[in-house]
$ cat target29.csv   # CSV, C-alpha atoms
chain,number,residue,atom,x,y,z
N,16,MET,CA,-15.1,-17.9,8.6
N,17,VAL,CA,-12.5,-15.1,8.3
N,18,SER,CA,-12.8,-13.0,5.2
N,19,PRO,CA,-9.5,-12.4,3.3
N,20,VAL,CA,-8.0,-9.0,3.8
N,21,THR,CA,-5.9,-6.6,1.8
N,22,LEU,CA,-2.6,-5.8,3.6
N,23,TYR,CA,-1.3,-2.3,3.0
N,24,VAL,CA,2.4,-1.7,3.5
N,25,PHE,CA,3.7,1.8,4.2
N,26,ASN,CA,7.3,1.8,2.9
N,27,PRO,CA,8.4,5.5,2.5
N,28,GLU,CA,11.9,4.2,2.3
N,29,HIS,CA,10.9,3.1,-1.2
N,30,ASP,CA,12.8,5.9,-3.0
N,31,LEU,CA,16.0,5.0,-1.2
N,32,CYS,CA,15.6,1.3,-2.1
N,33,LEU,CA,14.8,2.1,-5.7
N,34,ALA,CA,17.9,4.2,-6.0
N,35,ASN,CA,20.1,1.6,-4.5
N,36,GLY,CA,18.6,-1.3,-6.4
N,37,ASP,CA,20.0,-4.1,-4.1
N,38,PRO,CA,17.3,-6.4,-2.7
N,39,ASN,CA,19.5,-6.7,0.5
N,40,TYR,CA,19.9,-2.9,0.9
N,41,VAL,CA,19.4,-1.8,4.5
N,42,PRO,CA,17.7,1.7,4.7
N,43,PRO,CA,18.6,4.2,7.4
N,44,GLN,CA,16.9,3.6,10.7
N,45,SER,CA,15.2,7.0,10.5
N,46,ALA,CA,13.4,5.8,7.3
N,47,LEU,CA,12.3,2.6,9.0
N,48,ASP,CA,11.1,4.5,12.0
N,49,PHE,CA,9.2,6.8,9.7
N,50,ALA,CA,7.5,3.7,8.1
N,51,ARG,CA,6.4,2.5,11.5
N,52,ARG,CA,4.8,5.8,12.4
N,53,GLY,CA,3.0,6.2,9.1
N,54,LYS,CA,0.0,3.9,9.5
N,55,GLY,CA,-2.3,6.9,9.2
N,56,VAL,CA,-1.0,7.8,5.8
N,57,MET,CA,-2.4,4.7,4.2
N,58,GLN,CA,-5.5,4.8,6.3
N,59,THR,CA,-6.3,8.3,4.9
N,60,LEU,CA,-6.4,6.7,1.5
N,61,TYR,CA,-8.0,3.4,2.3
N,62,GLY,CA,-10.0,3.9,5.4
N,63,ASP,CA,-9.5,3.6,9.2
N,64,ASP,CA,-10.1,-0.1,9.0
N,65,ALA,CA,-7.3,-0.7,6.5
N,66,VAL,CA,-4.7,-3.1,7.9
N,67,VAL,CA,-1.4,-1.3,7.6
N,68,ILE,CA,2.1,-2.4,8.6
N,69,ALA,CA,5.7,-1.4,7.9
N,70,ALA,CA,7.6,-3.9,5.7
N,71,ASP,CA,10.0,-5.0,8.4
N,72,ASP,CA,7.1,-5.9,10.7
N,73,TYR,CA,5.4,-8.5,8.5
N,74,ALA,CA,6.7,-11.5,10.4
N,75,GLU,CA,5.6,-10.1,13.8
N,76,TRP,CA,2.2,-9.0,12.4
N,77,SER,CA,1.7,-12.5,10.9
N,78,ARG,CA,2.6,-14.1,14.2
N,79,MET,CA,0.1,-11.9,16.1
N,80,THR,CA,-2.7,-12.5,13.6
N,81,PRO,CA,-2.5,-16.2,12.7
N,82,ASP,CA,-6.1,-16.5,11.6
N,83,VAL,CA,-6.0,-13.6,9.1
N,84,VAL,CA,-5.8,-14.6,5.4
N,85,VAL,CA,-4.1,-12.0,3.1
N,86,ASP,CA,-5.3,-12.1,-0.5
N,87,ARG,CA,-3.6,-8.9,-1.7
N,88,ILE,CA,-0.6,-6.8,-0.7
N,89,VAL,CA,-0.6,-3.1,-1.6
N,90,PRO,CA,2.5,-1.1,-0.7
N,91,TRP,CA,3.4,2.6,-1.0
N,92,GLY,CA,5.6,1.4,-3.9
N,93,TRP,CA,7.1,-1.8,-5.1
N,94,ASP,CA,10.9,-2.3,-5.2
N,95,ALA,CA,13.3,-5.2,-4.9
N,96,ARG,CA,14.1,-4.6,-1.3
N,97,LEU,CA,10.4,-4.7,-0.3
N,98,LYS,CA,9.8,-8.0,-2.1
N,99,GLN,CA,12.9,-9.6,-0.6
N,100,THR,CA,11.9,-8.4,2.9
N,101,LEU,CA,8.4,-9.8,2.7
N,102,LEU,CA,9.6,-13.1,1.2
N,103,LYS,CA,12.2,-13.5,4.0
N,104,GLN,CA,9.4,-13.0,6.6
N,105,GLY,CA,7.1,-15.6,5.1
N,106,ALA,CA,4.8,-13.7,2.7
N,107,ASP,CA,3.2,-15.8,0.0
N,108,SER,CA,5.2,-15.4,-3.1
N,109,ALA,CA,2.0,-15.6,-5.2
N,110,LEU,CA,1.0,-12.2,-3.7
N,111,LEU,CA,4.2,-10.5,-4.8
N,112,PRO,CA,5.1,-9.2,-8.3
N,113,SER,CA,7.7,-10.9,-10.4
N,114,ASP,CA,11.3,-9.8,-10.5
N,115,LEU,CA,10.8,-8.8,-14.1
N,116,TYR,CA,8.0,-6.5,-13.2
N,117,ILE,CA,10.0,-4.8,-10.4
N,118,ASP,CA,13.0,-4.4,-12.7
N,119,LYS,CA,10.8,-2.8,-15.3
N,120,LEU,CA,9.3,-0.4,-12.7
N,121,ARG,CA,12.8,0.6,-11.6
N,122,ASP,CA,13.9,1.2,-15.2
N,123,LEU,CA,10.8,3.4,-15.9
N,124,GLN,CA,11.7,5.4,-12.8
N,125,HIS,CA,15.1,6.3,-14.3
N,126,ARG,CA,14.8,10.0,-14.9
N,127,SER,CA,15.7,9.6,-18.6
N,128,THR,CA,12.2,8.1,-19.1
N,129,ILE,CA,10.6,11.5,-18.9
N,130,LEU,CA,13.1,13.4,-21.1
N,131,SER,CA,10.6,13.6,-23.9
N,132,LEU,CA,8.5,15.7,-21.6
N,133,GLN,CA,11.4,18.0,-20.7
N,134,PRO,CA,12.7,20.0,-23.6
N,135,MET,CA,15.2,21.8,-21.3
N,136,ALA,CA,16.6,18.6,-19.7
N,137,PHE,CA,19.5,16.5,-21.0
N,138,SER,CA,21.1,13.2,-20.5
N,139,VAL,CA,24.9,13.8,-19.8
N,140,ARG,CA,27.8,11.5,-19.4
N,141,SER,CA,30.8,13.7,-19.2
N,142,ALA,CA,32.0,17.0,-17.7
N,143,SER,CA,32.5,18.4,-21.2
N,144,GLU,CA,28.9,17.9,-22.0
N,145,VAL,CA,27.9,19.7,-18.9
N,146,ASP,CA,30.4,22.5,-19.6
N,147,SER,CA,28.8,23.0,-23.0
N,148,LEU,CA,25.4,23.3,-21.4
N,149,LEU,CA,26.7,25.8,-18.8
N,150,THR,CA,28.1,27.9,-21.6
N,151,GLU,CA,24.6,28.2,-23.1
N,152,TYR,CA,22.4,28.2,-20.0
N,153,LYS,CA,24.7,29.3,-17.1
N,154,ARG,CA,22.6,27.6,-14.3
N,155,LEU,CA,21.8,23.9,-14.1
N,156,VAL,CA,20.7,21.4,-11.6
N,157,LEU,CA,22.3,18.0,-12.0
N,158,LYS,CA,20.2,15.0,-10.9
N,159,ALA,CA,21.1,11.4,-10.3
N,160,PRO,CA,18.6,9.3,-12.4
N,161,TRP,CA,17.5,7.3,-9.5
N,162,SER,CA,17.0,9.5,-6.4
N,163,GLY,CA,14.3,11.1,-4.4
N,164,SER,CA,13.4,13.2,-1.4
N,165,GLY,CA,15.9,15.9,-2.4
N,166,ARG,CA,18.9,13.5,-2.6
N,167,GLY,CA,21.0,13.2,-5.7
N,168,LEU,CA,20.8,16.8,-6.6
N,169,ARG,CA,23.6,19.3,-7.3
N,170,TRP,CA,23.1,23.0,-8.1
N,171,VAL,CA,25.6,24.3,-10.5
N,172,ASP,CA,26.3,28.0,-11.5
N,173,GLY,CA,28.7,28.9,-14.3
N,174,HIS,CA,31.2,26.0,-13.9
N,175,LEU,CA,31.7,22.6,-12.5
N,176,SER,CA,33.7,22.3,-9.3
N,177,THR,CA,36.1,19.5,-8.6
N,178,HIS,CA,33.5,18.0,-6.3
N,179,ASP,CA,30.8,18.3,-9.0
N,180,GLU,CA,33.0,16.5,-11.5
N,181,ALA,CA,33.7,13.7,-9.1
N,182,TRP,CA,30.0,13.3,-8.3
N,183,LEU,CA,29.2,13.3,-12.0
N,184,ALA,CA,31.7,10.5,-12.8
N,185,LYS,CA,30.5,8.4,-9.9
N,186,THR,CA,26.8,8.9,-10.9
N,187,VAL,CA,27.4,8.0,-14.5
N,188,ALA,CA,29.3,4.9,-13.6
N,189,ALA,CA,26.6,3.7,-11.2
N,190,GLN,CA,23.4,4.9,-13.1
N,191,ARG,CA,24.3,5.1,-16.8
N,192,CYS,CA,24.1,8.9,-17.0
N,193,ALA,CA,23.2,12.0,-15.1
N,194,ILE,CA,20.4,14.4,-15.9
N,195,ALA,CA,21.2,18.1,-16.4
N,196,GLU,CA,18.2,20.4,-16.2
N,197,VAL,CA,18.2,24.1,-16.9
N,198,ARG,CA,17.4,25.9,-13.7
N,199,TYR,CA,14.3,28.0,-13.4
N,200,ASP,CA,13.1,30.3,-10.7
N,201,VAL,CA,10.3,28.2,-9.4
N,202,ASP,CA,7.0,29.9,-8.5
N,203,GLN,CA,4.9,26.9,-7.4
N,204,ASP,CA,5.3,23.1,-7.2
N,205,PHE,CA,2.3,21.0,-8.1
N,206,ALA,CA,1.4,17.5,-9.3
N,207,PHE,CA,-1.1,15.5,-11.3
N,208,GLU,CA,-2.2,12.4,-9.4
N,209,PHE,CA,-3.2,9.6,-11.7
N,210,HIS,CA,-4.4,6.0,-11.5
N,211,ILE,CA,-3.8,3.3,-14.1
N,212,ASP,CA,-6.1,0.2,-14.0
N,213,HIS,CA,-5.7,-2.4,-16.8
N,214,GLY,CA,-5.0,0.1,-19.5
N,215,ILE,CA,-7.2,3.0,-18.3
N,216,VAL,CA,-5.6,6.2,-17.2
N,217,ARG,CA,-7.8,8.2,-14.7
N,218,THR,CA,-7.0,11.6,-13.4
N,219,VAL,CA,-7.5,11.4,-9.6
N,220,GLY,CA,-6.8,15.1,-9.0
N,221,LEU,CA,-4.2,17.8,-8.4
N,222,SER,CA,-2.0,18.6,-5.5
N,223,LEU,CA,-0.1,21.8,-4.6
N,224,PHE,CA,3.0,21.4,-2.4
N,225,ALA,CA,6.1,23.2,-1.1
N,226,THR,CA,9.7,22.0,-1.2
N,227,GLN,CA,13.0,23.3,0.1
N,228,SER,CA,16.1,22.4,-1.8
N,229,GLY,CA,14.1,19.6,-3.5
N,230,ILE,CA,12.9,18.2,-0.2
N,231,TYR,CA,9.1,17.9,0.4
N,232,ARG,CA,7.8,20.1,3.2
N,233,HIS,CA,4.0,20.2,3.0
N,234,ASN,CA,1.0,20.3,0.8
N,235,VAL,CA,-1.4,23.3,0.4
N,236,LEU,CA,-5.0,22.0,0.7
N,237,LEU,CA,-6.8,23.5,-2.3
N,238,SER,CA,-9.5,22.1,-4.6
N,239,ASP,CA,-8.5,21.0,-8.1
N,240,ASP,CA,-10.3,24.0,-9.6
N,241,ASP,CA,-8.4,26.4,-7.3
N,242,ILE,CA,-5.1,24.8,-8.2
N,243,ARG,CA,-5.9,25.0,-11.9
N,244,ASP,CA,-6.6,28.7,-11.6
N,245,ARG,CA,-3.6,29.4,-9.4
N,246,VAL,CA,-1.1,27.6,-11.6
N,247,GLY,CA,-2.7,28.2,-15.0
N,248,ILE,CA,-3.2,24.6,-16.0
N,249,THR,CA,-4.7,24.0,-19.4
N,250,PRO,CA,-6.7,21.0,-20.6
N,251,GLU,CA,-4.0,20.5,-23.2
N,252,LEU,CA,-1.4,19.9,-20.5
N,253,GLU,CA,-3.5,17.2,-18.8
N,254,SER,CA,-4.4,15.5,-22.1
N,255,GLY,CA,-0.8,15.6,-23.2
N,256,LEU,CA,0.3,13.9,-19.9
N,257,ARG,CA,-2.4,11.3,-20.2
N,258,HIS,CA,-1.4,10.5,-23.8
N,259,TRP,CA,2.2,10.2,-22.8
N,260,LEU,CA,1.3,7.8,-19.9
N,261,GLN,CA,-0.9,5.8,-22.3
N,262,LEU,CA,2.1,5.2,-24.6
N,263,ASN,CA,4.9,4.9,-22.1
N,264,ILE,CA,3.6,3.6,-18.8
N,265,VAL,CA,0.2,1.9,-19.3
N,266,PRO,CA,1.8,-1.2,-20.9
N,267,TYR,CA,3.8,-1.9,-17.8
N,268,TYR,CA,2.1,-0.5,-14.7
N,269,ASN,CA,-1.1,-0.6,-12.7
N,270,GLY,CA,-1.7,1.6,-9.7
N,271,PHE,CA,-1.4,5.2,-8.5
N,272,LEU,CA,1.3,7.5,-9.8
N,273,GLY,CA,2.2,11.2,-9.7
N,274,VAL,CA,3.7,13.6,-12.2
N,275,ASP,CA,5.4,16.5,-10.5
N,276,LEU,CA,5.6,19.9,-12.2
N,277,PHE,CA,6.3,23.5,-11.3
N,278,SER,CA,5.3,26.9,-12.6
N,279,THR,CA,7.8,29.7,-13.2
N,280,ALA,CA,7.5,33.4,-12.6
N,281,ASP,CA,6.9,33.9,-16.4
N,282,GLY,CA,4.1,31.4,-16.5
N,283,ASN,CA,5.9,28.3,-17.9
N,284,LEU,CA,4.8,24.9,-16.6
N,285,VAL,CA,7.7,22.4,-16.4
N,286,VAL,CA,7.6,18.7,-15.8
N,287,SER,CA,10.1,17.7,-13.1
N,288,GLU,CA,9.5,14.1,-11.9
N,289,LEU,CA,7.5,10.9,-12.4
N,290,ASN,CA,6.7,8.7,-9.3
N,291,LEU,CA,5.2,5.3,-10.0
N,292,ARG,CA,3.9,4.9,-6.4
N,293,HIS,CA,1.5,6.5,-4.0
N,294,THR,CA,2.4,10.1,-3.2
N,295,MET,CA,1.9,12.6,-0.4
N,296,GLY,CA,0.0,14.7,-2.9
N,297,LEU,CA,-2.5,11.9,-3.4
N,298,VAL,CA,-2.9,11.6,0.4
N,299,ALA,CA,-3.3,15.4,0.7
N,300,HIS,CA,-6.0,15.3,-2.0
N,301,ARG,CA,-7.9,12.6,-0.2
N,302,PHE,CA,-7.5,14.3,3.2
N,303,LEU,CA,-9.1,17.5,1.8
N,304,GLN,CA,-12.0,15.4,0.5
N,305,LEU,CA,-12.5,14.0,4.0
N,306,HIS,CA,-12.0,17.3,5.7
N,307,PRO,CA,-13.2,20.1,3.4
N,308,ASP,CA,-13.1,22.5,6.3
N,309,LYS,CA,-9.3,22.4,6.1
N,310,ALA,CA,-9.2,24.1,2.7
N,311,GLY,CA,-6.5,26.7,2.4
N,312,GLN,CA,-4.3,25.2,5.2
N,313,ASN,CA,-0.9,23.7,4.9
N,314,TRP,CA,-0.8,19.9,5.5
N,315,ALA,CA,1.8,17.3,6.1
N,316,PRO,CA,1.2,13.8,7.7
N,317,ASP,CA,1.2,13.7,11.5
N,318,LEU,CA,3.9,11.1,12.2
N,319,LYS,CA,4.5,11.9,15.9
N,320,ALA,CA,2.5,8.9,17.2
N,321,ASP,CA,4.2,5.5,17.3
N,322,ASN,CA,1.9,3.2,15.3
N,323,SER,CA,4.2,0.1,15.4
N,324,ILE,CA,2.5,-3.2,16.1

$ encode --input "target29.csv" --output "structure tokens"
Amino acid sequence: MVSPVTLYVFNPEHDLCLANGDPNYVPPQSALDFARRGKGVMQTLYGDDAVVIAADDYAEWSRMTPDVVVDRIVPWGWDARLKQTLLKQGADSALLPSDLYIDKLRDLQHRSTILSLQPMAFSVRSASEVDSLLTEYKRLVLKAPWSGSGRGLRWVDGHLSTHDEAWLAKTVAAQRCAIAEVRYDVDQDFAFEFHIDHGIVRTVGLSLFATQSGIYRHNVLLSDDDIRDRVGITPELESGLRHWLQLNIVPYYNGFLGVDLFSTADGNLVVSELNLRHTMGLVAHRFLQLHPDKAGQNWAPDLKADNSI
């Protein structure tokens, strides 16, 4: 008798799908290739024996493993495109979340959700609102509410260009608003990795990472204590985030999530992003647990090998 298995889906195209919102959205081929090469990312978290596929390979995997019974599907992150893709390829609908759940997750990922954690970030809908903020703060970063991996960002100094105004109007029309954040000189990016399970928020750990123009480059493998010391994290910051998650996310979400922050040269700690999915910081945290001899090194997933089925 074959034991049921959990099927893990590595879908790093998730942020693009979330931003688009269309169940029939077709991600760039580069993103789909990334998914097929990323089997090891999920296996770092769930073990070398974890069964991992890319979303678009479900039908082929199912054909090649006719005797395998799947009792749970765990993706990198849920979105409408992933659900539609799995359904079209024959996945059991009972293993997939409802459309209502997916819609709620997308709504929670709208950047306006975390404005209560960002005293220097603002929802804006017009060029005049942005101009007023520029008069006071001089330097802003404008963000599309649904975006990721460095996309949907515009860096503005002093005034809006014609291209900025056009981008703003298009973003507001498509995503209800744009987010204007006061620009800081970033010293270090870091994240809290959490897990929510039936109303309980658990801190998994911390991760330290590097970006370039908002695009993830690598993690720095340091222990939680070392990260706390380097960044200056206080117990009050963590307890405040957990309380906010309890009020705003726990009623709607189960699973891993990350809250990205950064430190500034003058010691401020600023919330920058909420990710209701697995994160590379979570993977890096687990990788260090498995390989403590790698402490102090830079790490990014090795995606050179082709892990397609």

$ residues_around --input "target29.csv" --residues "Leu305 in chain N" --least-positions-apart "4" --cutoff "9 Å" --atoms "only C-alpha atoms" --output "VMD selection string"
chain N and resid 59 300 to 301

$ residues_around --input "target29.csv" --residues "Ala109 in chain N" --least-positions-apart "5" --cutoff "12 Å" --atoms "all atoms listed in the file" --output "list in words"
Val85, Asp86, Arg87, Ile88, Lys98, Leu101 and Leu102 of chain N

$ closest_residue --input "target29.csv" --among "N:Val265, N:Val41, N:Leu123, N:Leu297" --to "Asp212 in chain N" --atoms "all atoms listed in the file"
N:Val265

$ closest_residue --input "target29.csv" --among "N:Glu208, N:Asp48, N:Asp146, N:Asp64" --to "Ser176 in chain N" --atoms "only C-alpha atoms"
N:Asp146

$ residues_around --input "target29.csv" --residues "range 219-230 of chain N" --least-positions-apart "6" --cutoff "6 Å" --atoms "all atoms listed in the file" --output "number ranges by chain"
N: 164-165, 204-209, 239, 296

$ closest_residue --input "target29.csv" --among "N:Gly167, N:Pro42, N:Gly255, N:Gly55" --to "Leu132 in chain N" --atoms "all atoms listed in the file"
N:Gly255

$ atom_distance --input "target29.csv" --atom1 "CA of Arg198 in chain N" --atom2 "CA of Glu288 in chain N"
14.3 Å

$ residues_around --input "target29.csv" --residues "Arg191 in chain N" --least-positions-apart "5" --cutoff "9 Å" --atoms "all atoms listed in the file" --output "list in words"
Arg140, Pro160 and Thr186 of chain N

$ residues_near_point --input "target29.csv" --point "(11.9, 20.5, -11.7)" --cutoff "8 Å" --atoms "all atoms listed in the file" --output "JSON list (two decimals) with C-alpha atoms, keeping the file's coordinate frame"
[["chain", "number", "residue", "atom", "x", "y", "z"],
["N", 196, "GLU", "CA", 18.20, 20.40, -16.20],
["N", 198, "ARG", "CA", 17.40, 25.90, -13.70],
["N", 275, "ASP", "CA", 5.40, 16.50, -10.50],
["N", 276, "LEU", "CA", 5.60, 19.90, -12.20],
["N", 277, "PHE", "CA", 6.30, 23.50, -11.30],
["N", 285, "VAL", "CA", 7.70, 22.40, -16.40],
["N", 286, "VAL", "CA", 7.60, 18.70, -15.80],
["N", 287, "SER", "CA", 10.10, 17.70, -13.10],
["N", 288, "GLU", "CA", 9.50, 14.10, -11.90]]

$ closest_atom_pairs --input "target29.csv" --of "range 206-292 of chain N" --to "range 311-314 of chain N" --cutoff "9 Å" --atoms "all atoms listed in the file" --output "JSON lines"
{"residue": "N:Phe224", "atom": "CA", "partner": "N:Asn313", "partner_atom": "CA", "distance": 8.6}
{"residue": "N:Arg232", "atom": "CA", "partner": "N:Trp314", "partner_atom": "CA", "distance": 8.9}
{"residue": "N:His233", "atom": "CA", "partner": "N:Trp314", "partner_atom": "CA", "distance": 5.4}
{"residue": "N:Asn234", "atom": "CA", "partner": "N:Trp314", "partner_atom": "CA", "distance": 5.0}
{"residue": "N:Val235", "atom": "CA", "partner": "N:Asn313", "partner_atom": "CA", "distance": 4.5}
{"residue": "N:Leu236", "atom": "CA", "partner": "N:Gly311", "partner_atom": "CA", "distance": 5.2}
{"residue": "N:Leu237", "atom": "CA", "partner": "N:Gly311", "partner_atom": "CA", "distance": 5.7}
{"residue": "N:Ser238", "atom": "CA", "partner": "N:Gly311", "partner_atom": "CA", "distance": 8.9}

$ closest_residue --input "target29.csv" --among "N:Ser162, N:Gly173, N:Met79, N:Tyr267" --to "His213 in chain N" --atoms "all atoms listed in the file"
N:Tyr267

$ atom_distance --input "target29.csv" --atom1 "CA of Gln133 in chain N" --atom2 "CA of Leu272 in chain N"
18.2 Å

$ closest_residue --input "target29.csv" --among "N:Asp94, N:Tyr199, N:Ser45, N:Arg169" --to "Trp182 in chain N" --atoms "only C-alpha atoms"
N:Arg169

$ closest_residue --input "target29.csv" --among "N:Lys54, N:Arg78, N:Lys158, N:Lys153" --to "Ser127 in chain N" --atoms "only C-alpha atoms"
N:Lys158

$ atom_distance --input "target29.csv" --atom1 "CA of Thr128 in chain N" --atom2 "CA of Asp202 in chain N"
24.8 Å

$ residues_around --input "target29.csv" --residues "Ile194 in chain N" --least-positions-apart "6" --cutoff "8 Å" --atoms "all atoms listed in the file" --output "JSON, numbers by chain"
{"N": [126, 127, 136, 137, 138, 139, 157, 158, 159, 160]}

$ write_last_selection --input "target29.csv" --atoms "C-alpha atoms" --output "tab-separated table (two decimals), in the frame of the given file"
chain	number	residue	atom	x	y	z
N	126	ARG	CA	14.80	10.00	-14.90
N	127	SER	CA	15.70	9.60	-18.60
N	136	ALA	CA	16.60	18.60	-19.70
N	137	PHE	CA	19.50	16.50	-21.00
N	138	SER	CA	21.10	13.20	-20.50
N	139	VAL	CA	24.90	13.80	-19.80
N	157	LEU	CA	22.30	18.00	-12.00
N	158	LYS	CA	20.20	15.00	-10.90
N	159	ALA	CA	21.10	11.40	-10.30
N	160	PRO	CA	18.60	9.30	-12.40
